[in-house]
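A.B. asks: Structure below; questions to follow.
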Amino acid sequence: MPVRTEVCVVGAGPAGVAAAITLSRAGRAVTLLDAGQAASPQPGHHLPPDVPAALGVDRDELAAIAQPCPGRVVAWAGPAADHSYLFDPAGCAWNVERTALDALLVGRAAAAGARVCPGTSLVGARRDGGWELTVRGADGAEAAMRAETVLDASGRRAAFARTQGVGVLRPDRLVAAFAVVPAADADRRFVLEAAADGWWYAVPVPGARLALAWITDPQRLRAAGGRRALLAHARATTELVAARVPGGADAPVSVVACGSALRETITGPGWLAVGDAAAHVDPLWGQGLRHALELGVRAAEAVLVRAPDRPGVFTVYAAAVRRQWLEAERTRVALYREAASAHASPFWEESARALAIASTGSE
Ligand SMILES: Cc1cc2nc3c(=O)[nH]c(=O)nc-3n(C[C@H](O)[C@H](O)[C@H](O)COP(=O)(O)OP(=O)(O)OC[C@H]3O[C@@H](n4cnc5c(N)ncnc54)[C@H](O)[C@@H]3O)c2cc1C
């Protein structure tokens, strides 16, 4: 006998959690599946001052898992500029490792009444009036689940949308190579720096450590010597980031895809894609978590107001997602072009050309 639920939310990142909380509070029976990706290494995240409030996380909770960040230093298309959060009405920014943040958020969803299934992946979906889903537990055993509605909040993997053969538009193939090293100093500011062959960021995270990442394309990562050469490459090609990495530091390096993408279809009968599964912009945008939360809430609201006499609610949601992605991509294209004019290197010239697709895109 399959397990039954009204809404199956696939993925317990910020988008899935926000949707699950909104739906549970409105009295819907929600099952929140998570494959457990947070157990693998995650890049450090910078939360601008107003994001914790949007996450529903207060200062004390955040202080236990994150590092307060008094400002940022950005060297993009000219000399480094310093920005202090001292006078920001929302207070300072925060730097956080995702594992702790995600655990906190999942606890919120459970407290709101969602049935949370950790270590459980969606592996199949078939439309049969509602949805007949196949899920796989951490022990490899498969089980059936019936859901009226599915929200695909599985991040860049878009696990549900892919079972429906939905494609994706990718203006670029950027990757992030990232590591966490001991911090060279007590400077808590966030650093962002453009170099000739990509851009870097470094965020101090709890435990006197520094999370750093290089955003580039796979060819240039290989040409630089691959992931093992990350720290040496930081020292050779950056100034601000290199100054924060202690001499002789060594650490495991992970690589993830991080380019922008827009799902070709964001909704269909009884399903919606949410957060990064619907659309994402490269991390330069710095709004990924906020965007995921907002879409999670909006998608949940669409589910709540949808009725037979309002069939267009999901389509309106999908149009808003596409519009927002295009706006964010245009901003990114403008920033990449600024860097291209300042750095005049093949990486920036190729990136600016590849991104032209977004600047000409329309609804
Ligand atoms: C290098 C890098 C740096 C970034 N830095 C920042 C930053 O500083 N600030 C910021 O705001 N944003 C940043 N982002 C963006 C941010 O990480 C994402 O936008 C955000 O995590 C999206 O949230 P989500 O809930 O949509 O997806 P995710 O956070 O990716 O969550 C998806 C969840 O789905 C689960 N899942 C996957 N497949 C399945 C399946 N088959 N079945 C069940 N569950 C599944 C995973 O386990 C995961 O928990 C960064 C991204 C990258 C790549």
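Residue names in the structure tokens use chain letters A, B, ... in the order shown, residue numbers from 1 in each chain, and ligand numbers from 1 in the order shown.
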Assign secondary structure with DSSP using the backbone only, and return the residues of range 34-269 of chain A in alpha helix (DSSP H) as a VMD selection string.
C.D. replies: chain A and resid 51 to 55 59 to 65 98 to 112 159 to 163 218 to 223 230 to 237 240 to 244
A.B. asks: As a quick test: using only C-alpha atoms and all ligand atoms, which residues lie no more than 6 Å away from ligand 1? Give them as JSON, numbers by chain.
C.D. replies: {"A": [10, 11, 12, 13, 14, 15, 16, 33, 34, 35, 36, 37, 38, 43, 45, 46, 47, 120, 121, 122, 123, 153, 154, 155, 156, 157, 159, 176, 258, 275, 276, 277, 283, 286, 287, 288, 289, 290, 292]}
A.B. asks: What does the file look like for those residues with N, CA, C and O atoms, as a compact mmCIF listing (two decimals), in the first residue's frame?
C.D. replies:
```txt
# COMPACT_ATOMS: atom_id res chain seq x y z
N VAL A 10 10.14 17.64 -2.86
CA VAL A 10 11.36 16.87 -3.12
C VAL A 10 12.55 17.78 -2.91
O VAL A 10 12.82 18.67 -3.72
N GLY A 11 13.25 17.60 -1.77
CA GLY A 11 14.43 18.42 -1.48
C GLY A 11 14.20 19.33 -0.30
O GLY A 11 13.26 20.13 -0.30
N ALA A 12 15.07 19.20 0.72
CA ALA A 12 14.91 20.00 1.94
C ALA A 12 15.98 21.07 2.05
O ALA A 12 16.55 21.31 3.11
N GLY A 13 16.30 21.74 0.92
CA GLY A 13 17.10 22.97 0.97
C GLY A 13 16.17 24.11 1.35
O GLY A 13 15.00 23.89 1.70
N PRO A 14 16.65 25.35 1.29
CA PRO A 14 15.79 26.48 1.70
C PRO A 14 14.48 26.56 0.93
O PRO A 14 13.44 26.90 1.50
N ALA A 15 14.48 26.25 -0.37
CA ALA A 15 13.22 26.35 -1.15
C ALA A 15 12.21 25.33 -0.65
O ALA A 15 11.04 25.66 -0.41
N GLY A 16 12.65 24.09 -0.50
CA GLY A 16 11.73 23.03 -0.07
C GLY A 16 11.22 23.26 1.34
O GLY A 16 10.03 23.07 1.63
N LEU A 33 10.97 15.14 1.32
CA LEU A 33 12.02 14.14 1.09
C LEU A 33 13.36 14.85 0.98
O LEU A 33 13.45 15.92 0.38
N ASP A 34 14.41 14.23 1.48
CA ASP A 34 15.74 14.79 1.17
C ASP A 34 16.78 13.70 0.98
O ASP A 34 16.94 12.81 1.80
N ALA A 35 17.49 13.82 -0.14
CA ALA A 35 18.49 12.81 -0.51
C ALA A 35 19.72 12.85 0.40
O ALA A 35 20.51 11.92 0.43
N GLY A 36 19.90 13.97 1.11
CA GLY A 36 21.04 14.04 2.04
C GLY A 36 22.29 14.60 1.40
O GLY A 36 23.41 14.33 1.83
N GLN A 37 22.10 15.44 0.39
CA GLN A 37 23.24 16.05 -0.30
C GLN A 37 24.06 16.92 0.65
O GLN A 37 25.26 17.09 0.46
N ALA A 38 23.38 17.47 1.69
CA ALA A 38 24.09 18.37 2.61
C ALA A 38 25.24 17.66 3.30
O ALA A 38 26.14 18.30 3.85
N PRO A 43 29.96 24.66 -0.44
CA PRO A 43 30.73 25.90 -0.39
C PRO A 43 30.24 26.81 0.72
O PRO A 43 29.08 26.75 1.13
N HIS A 45 28.82 30.11 2.45
CA HIS A 45 27.80 31.05 1.96
C HIS A 45 27.87 32.36 2.74
O HIS A 45 28.08 32.37 3.95
N HIS A 46 27.64 33.44 2.00
CA HIS A 46 27.56 34.77 2.59
C HIS A 46 26.09 35.18 2.62
O HIS A 46 25.42 35.12 1.58
N LEU A 47 25.61 35.55 3.78
CA LEU A 47 24.21 35.97 3.90
C LEU A 47 24.17 37.48 4.10
O LEU A 47 24.57 37.96 5.16
N THR A 120 16.21 10.14 1.86
CA THR A 120 15.24 9.53 0.94
C THR A 120 15.22 10.31 -0.38
O THR A 120 14.95 11.51 -0.38
N SER A 121 15.49 9.60 -1.48
CA SER A 121 15.56 10.27 -2.79
C SER A 121 14.36 9.92 -3.64
O SER A 121 13.92 8.77 -3.65
N LEU A 122 13.92 10.89 -4.41
CA LEU A 122 12.92 10.59 -5.44
C LEU A 122 13.67 9.97 -6.62
O LEU A 122 14.67 10.53 -7.08
N VAL A 123 13.19 8.82 -7.09
CA VAL A 123 13.88 8.21 -8.25
C VAL A 123 12.95 8.00 -9.45
O VAL A 123 13.41 7.70 -10.54
N ALA A 153 11.96 20.70 -5.41
CA ALA A 153 12.87 21.65 -4.75
C ALA A 153 14.23 20.97 -4.58
O ALA A 153 14.91 21.16 -3.58
N SER A 154 14.61 20.16 -5.58
CA SER A 154 15.82 19.34 -5.42
C SER A 154 17.07 20.05 -5.93
O SER A 154 18.06 19.41 -6.25
N GLY A 155 17.03 21.39 -6.01
CA GLY A 155 18.22 22.14 -6.38
C GLY A 155 18.57 21.93 -7.84
O GLY A 155 17.72 21.61 -8.67
N ARG A 156 19.85 22.15 -8.15
CA ARG A 156 20.29 22.09 -9.54
C ARG A 156 20.03 20.75 -10.19
O ARG A 156 19.97 20.65 -11.41
N ARG A 157 19.89 19.71 -9.40
CA ARG A 157 19.62 18.39 -9.99
C ARG A 157 18.25 18.31 -10.64
O ARG A 157 18.04 17.50 -11.52
N ALA A 159 15.51 16.82 -9.77
CA ALA A 159 15.31 15.38 -9.87
C ALA A 159 13.93 15.01 -10.42
O ALA A 159 13.79 14.09 -11.23
N ALA A 176 32.51 25.83 -9.74
CA ALA A 176 33.17 26.42 -8.56
C ALA A 176 34.06 25.35 -7.96
O ALA A 176 33.60 24.24 -7.68
N CYS A 258 28.21 25.55 -11.28
CA CYS A 258 27.60 26.72 -10.63
C CYS A 258 27.11 27.77 -11.62
O CYS A 258 26.79 28.89 -11.24
N GLY A 275 12.86 27.11 -6.40
CA GLY A 275 14.26 27.40 -6.05
C GLY A 275 15.17 27.09 -7.23
O GLY A 275 14.82 27.29 -8.40
N ASP A 276 16.38 26.59 -6.94
CA ASP A 276 17.36 26.33 -7.99
C ASP A 276 16.84 25.31 -9.01
O ASP A 276 17.31 25.29 -10.14
N ALA A 277 15.91 24.46 -8.62
CA ALA A 277 15.38 23.47 -9.57
C ALA A 277 14.62 24.18 -10.70
O ALA A 277 14.55 23.67 -11.81
N PRO A 283 26.82 32.25 -8.65
CA PRO A 283 26.83 32.76 -7.26
C PRO A 283 27.17 34.24 -7.15
O PRO A 283 26.96 34.83 -6.08
N GLY A 286 24.59 36.35 -5.53
CA GLY A 286 24.57 36.45 -4.06
C GLY A 286 23.19 36.41 -3.44
O GLY A 286 23.01 36.71 -2.26
N GLN A 287 22.17 36.04 -4.25
CA GLN A 287 20.79 36.07 -3.75
C GLN A 287 20.16 34.68 -3.77
O GLN A 287 18.95 34.56 -3.68
N GLY A 288 20.99 33.64 -3.95
CA GLY A 288 20.44 32.29 -4.14
C GLY A 288 19.52 31.85 -3.01
O GLY A 288 18.43 31.32 -3.25
N LEU A 289 19.96 32.07 -1.77
CA LEU A 289 19.15 31.61 -0.64
C LEU A 289 17.85 32.41 -0.54
O LEU A 289 16.77 31.85 -0.35
N ARG A 290 17.97 33.71 -0.69
CA ARG A 290 16.76 34.56 -0.61
C ARG A 290 15.77 34.17 -1.71
O ARG A 290 14.57 34.03 -1.47
N ALA A 292 15.55 31.30 -3.27
CA ALA A 292 14.98 29.97 -3.00
C ALA A 292 13.84 30.06 -2.00
O ALA A 292 12.77 29.46 -2.18
```
A.B. asks: Report, in Å to a single decimal, how far apart CA of Ala234 in chain A and CA of Ala251 in chain A are.
C.D. replies: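 Distance between the two atoms: 13.1 Å.
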A.B. asks: Which one of A:Ala344, A:Ala299, A:Val51, A:Val3 sits closest to Ala144 in chain A if you count only C-alpha atoms?
C.D. replies: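 Using only C-alpha atoms, the shortest distance to Ala144 in chain A belongs to A:Val3.
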A.B. asks: Grab the CA of Ile266 in chain A to CA of Glu132 in chain A distance for me, in Å with one decimal place.
C.D. replies: 19.4 Å
A.B. asks: Which of these, A:Arg98, A:Arg332, A:His291, A:Arg162, has the shortest distance to Ala18 in chain A once you count only C-alpha atoms?
C.D. replies: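 Looking at the shortest contact to Ala18 in chain A, the residue is A:His291.
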A.B. asks: Expressed in Å to a single decimal, how great is the separation between CA of Ala342 in chain A and CA of Asp82 in chain A?
C.D. replies: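 If I compute the distance from CA of Ala342 in chain A to CA of Asp82 in chain A, I get 18.6 Å.
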A.B. asks: Name the closest residue to Glu294 in chain A among the candidates A:Ala81, A:Val7, A:Thr22, A:Arg337; distances are taken between atoms, counting only C-alpha atoms.
C.D. replies: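 Nearest to Glu294 in chain A: A:Thr22.
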A.B. asks: With range 103-108 of chain A as the partner and 10 Å as the cut-off, tabulate the residues of range 113-165 of chain A that qualify, each row holding the nearest pair of atoms and their distance in Å to one decimal, using only C-alpha atoms, sorted by chain and rising number, as a Markdown table.
C.D. replies:
```
| residue | atom | partner | partner_atom | distance |
| --- | --- | --- | --- | --- |
| A:Gly113 | CA | A:Arg108 | CA | 8.8 |
| A:Ala114 | CA | A:Arg108 | CA | 9.1 |
| A:Val116 | CA | A:Val106 | CA | 7.8 |
| A:Pro118 | CA | A:Val106 | CA | 9.5 |
```
A.B. asks: From range 256-337 of chain A, collect each residue whose DSSP state is strand (DSSP E) and return the set as a PyMOL selection string.
C.D. replies: chain A and resi 256-257+261-263+267-268+271-273+279-280
A.B. asks: Next, write the just-selected residues to a file, as a short mmCIF file (atom, residue, chain, number, x, y, z; two decimals), in the first residue's frame, keeping C-alpha atoms as the atom set.
C.D. replies:
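Now in part-v4.cif:
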```cif
data_model
loop_
_atom_site.label_atom_id
_atom_site.label_comp_id
_atom_site.auth_asym_id
_atom_site.auth_seq_id
_atom_site.Cartn_x
_atom_site.Cartn_y
_atom_site.Cartn_z
CA VAL A 256 30.44 21.77 -8.35
CA ALA A 257 28.63 23.16 -11.39
CA ALA A 261 20.25 27.81 -15.72
CA LEU A 262 16.55 28.15 -16.47
CA ARG A 263 14.34 25.06 -16.58
CA THR A 267 5.17 23.72 -14.11
CA GLY A 268 2.92 20.97 -15.43
CA TRP A 271 3.75 19.96 -10.22
CA LEU A 272 5.92 23.05 -9.85
CA ALA A 273 9.68 23.53 -9.81
CA ALA A 279 16.04 28.73 -12.15
CA HIS A 280 19.40 29.77 -10.81
#
```
A.B. asks: I need the residue nearest Thr5 in chain A from this list: A:Met145, A:Ala63, A:Val135, A:Leu86. Use only C-alpha atoms for the distance.
C.D. replies: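 Among the listed residues, A:Met145 lies closest to Thr5 in chain A.
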A.B. asks: Tell me which protein, DNA and RNA residues are within 6 Å of range 206-223 of chain A, counting only C-alpha atoms, leaving out same-chain ones fewer than 2 positions away, and put them as a PyMOL selection string.
C.D. replies: chain A and resi 44+66-67+174-183+198-204+225-226
A.B. asks: With only C-alpha atoms as the atoms that count, which of A:Ser260, A:Thr134, A:Thr331, A:Thr315 lies nearest to Val303 in chain A?
C.D. replies: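 Checking each candidate against Val303 in chain A, we get A:Thr315 as the closest.
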A.B. asks: Kindly indicate which residue among A:Gly312, A:Val57, A:Asp197, A:Asp282 lies nearest to Ser345 in chain A, using only C-alpha atoms for the distances.
C.D. replies: A:Asp197
A.B. asks: I'd like the neighbourhood of Gly247 in chain A as a PyMOL selection string, where a residue qualifies if any of its atoms comes within 10 Å (using only C-alpha atoms), though same-chain residues fewer than 6 positions away should be ignored.
C.D. replies: chain A and resi 184+231-232+235
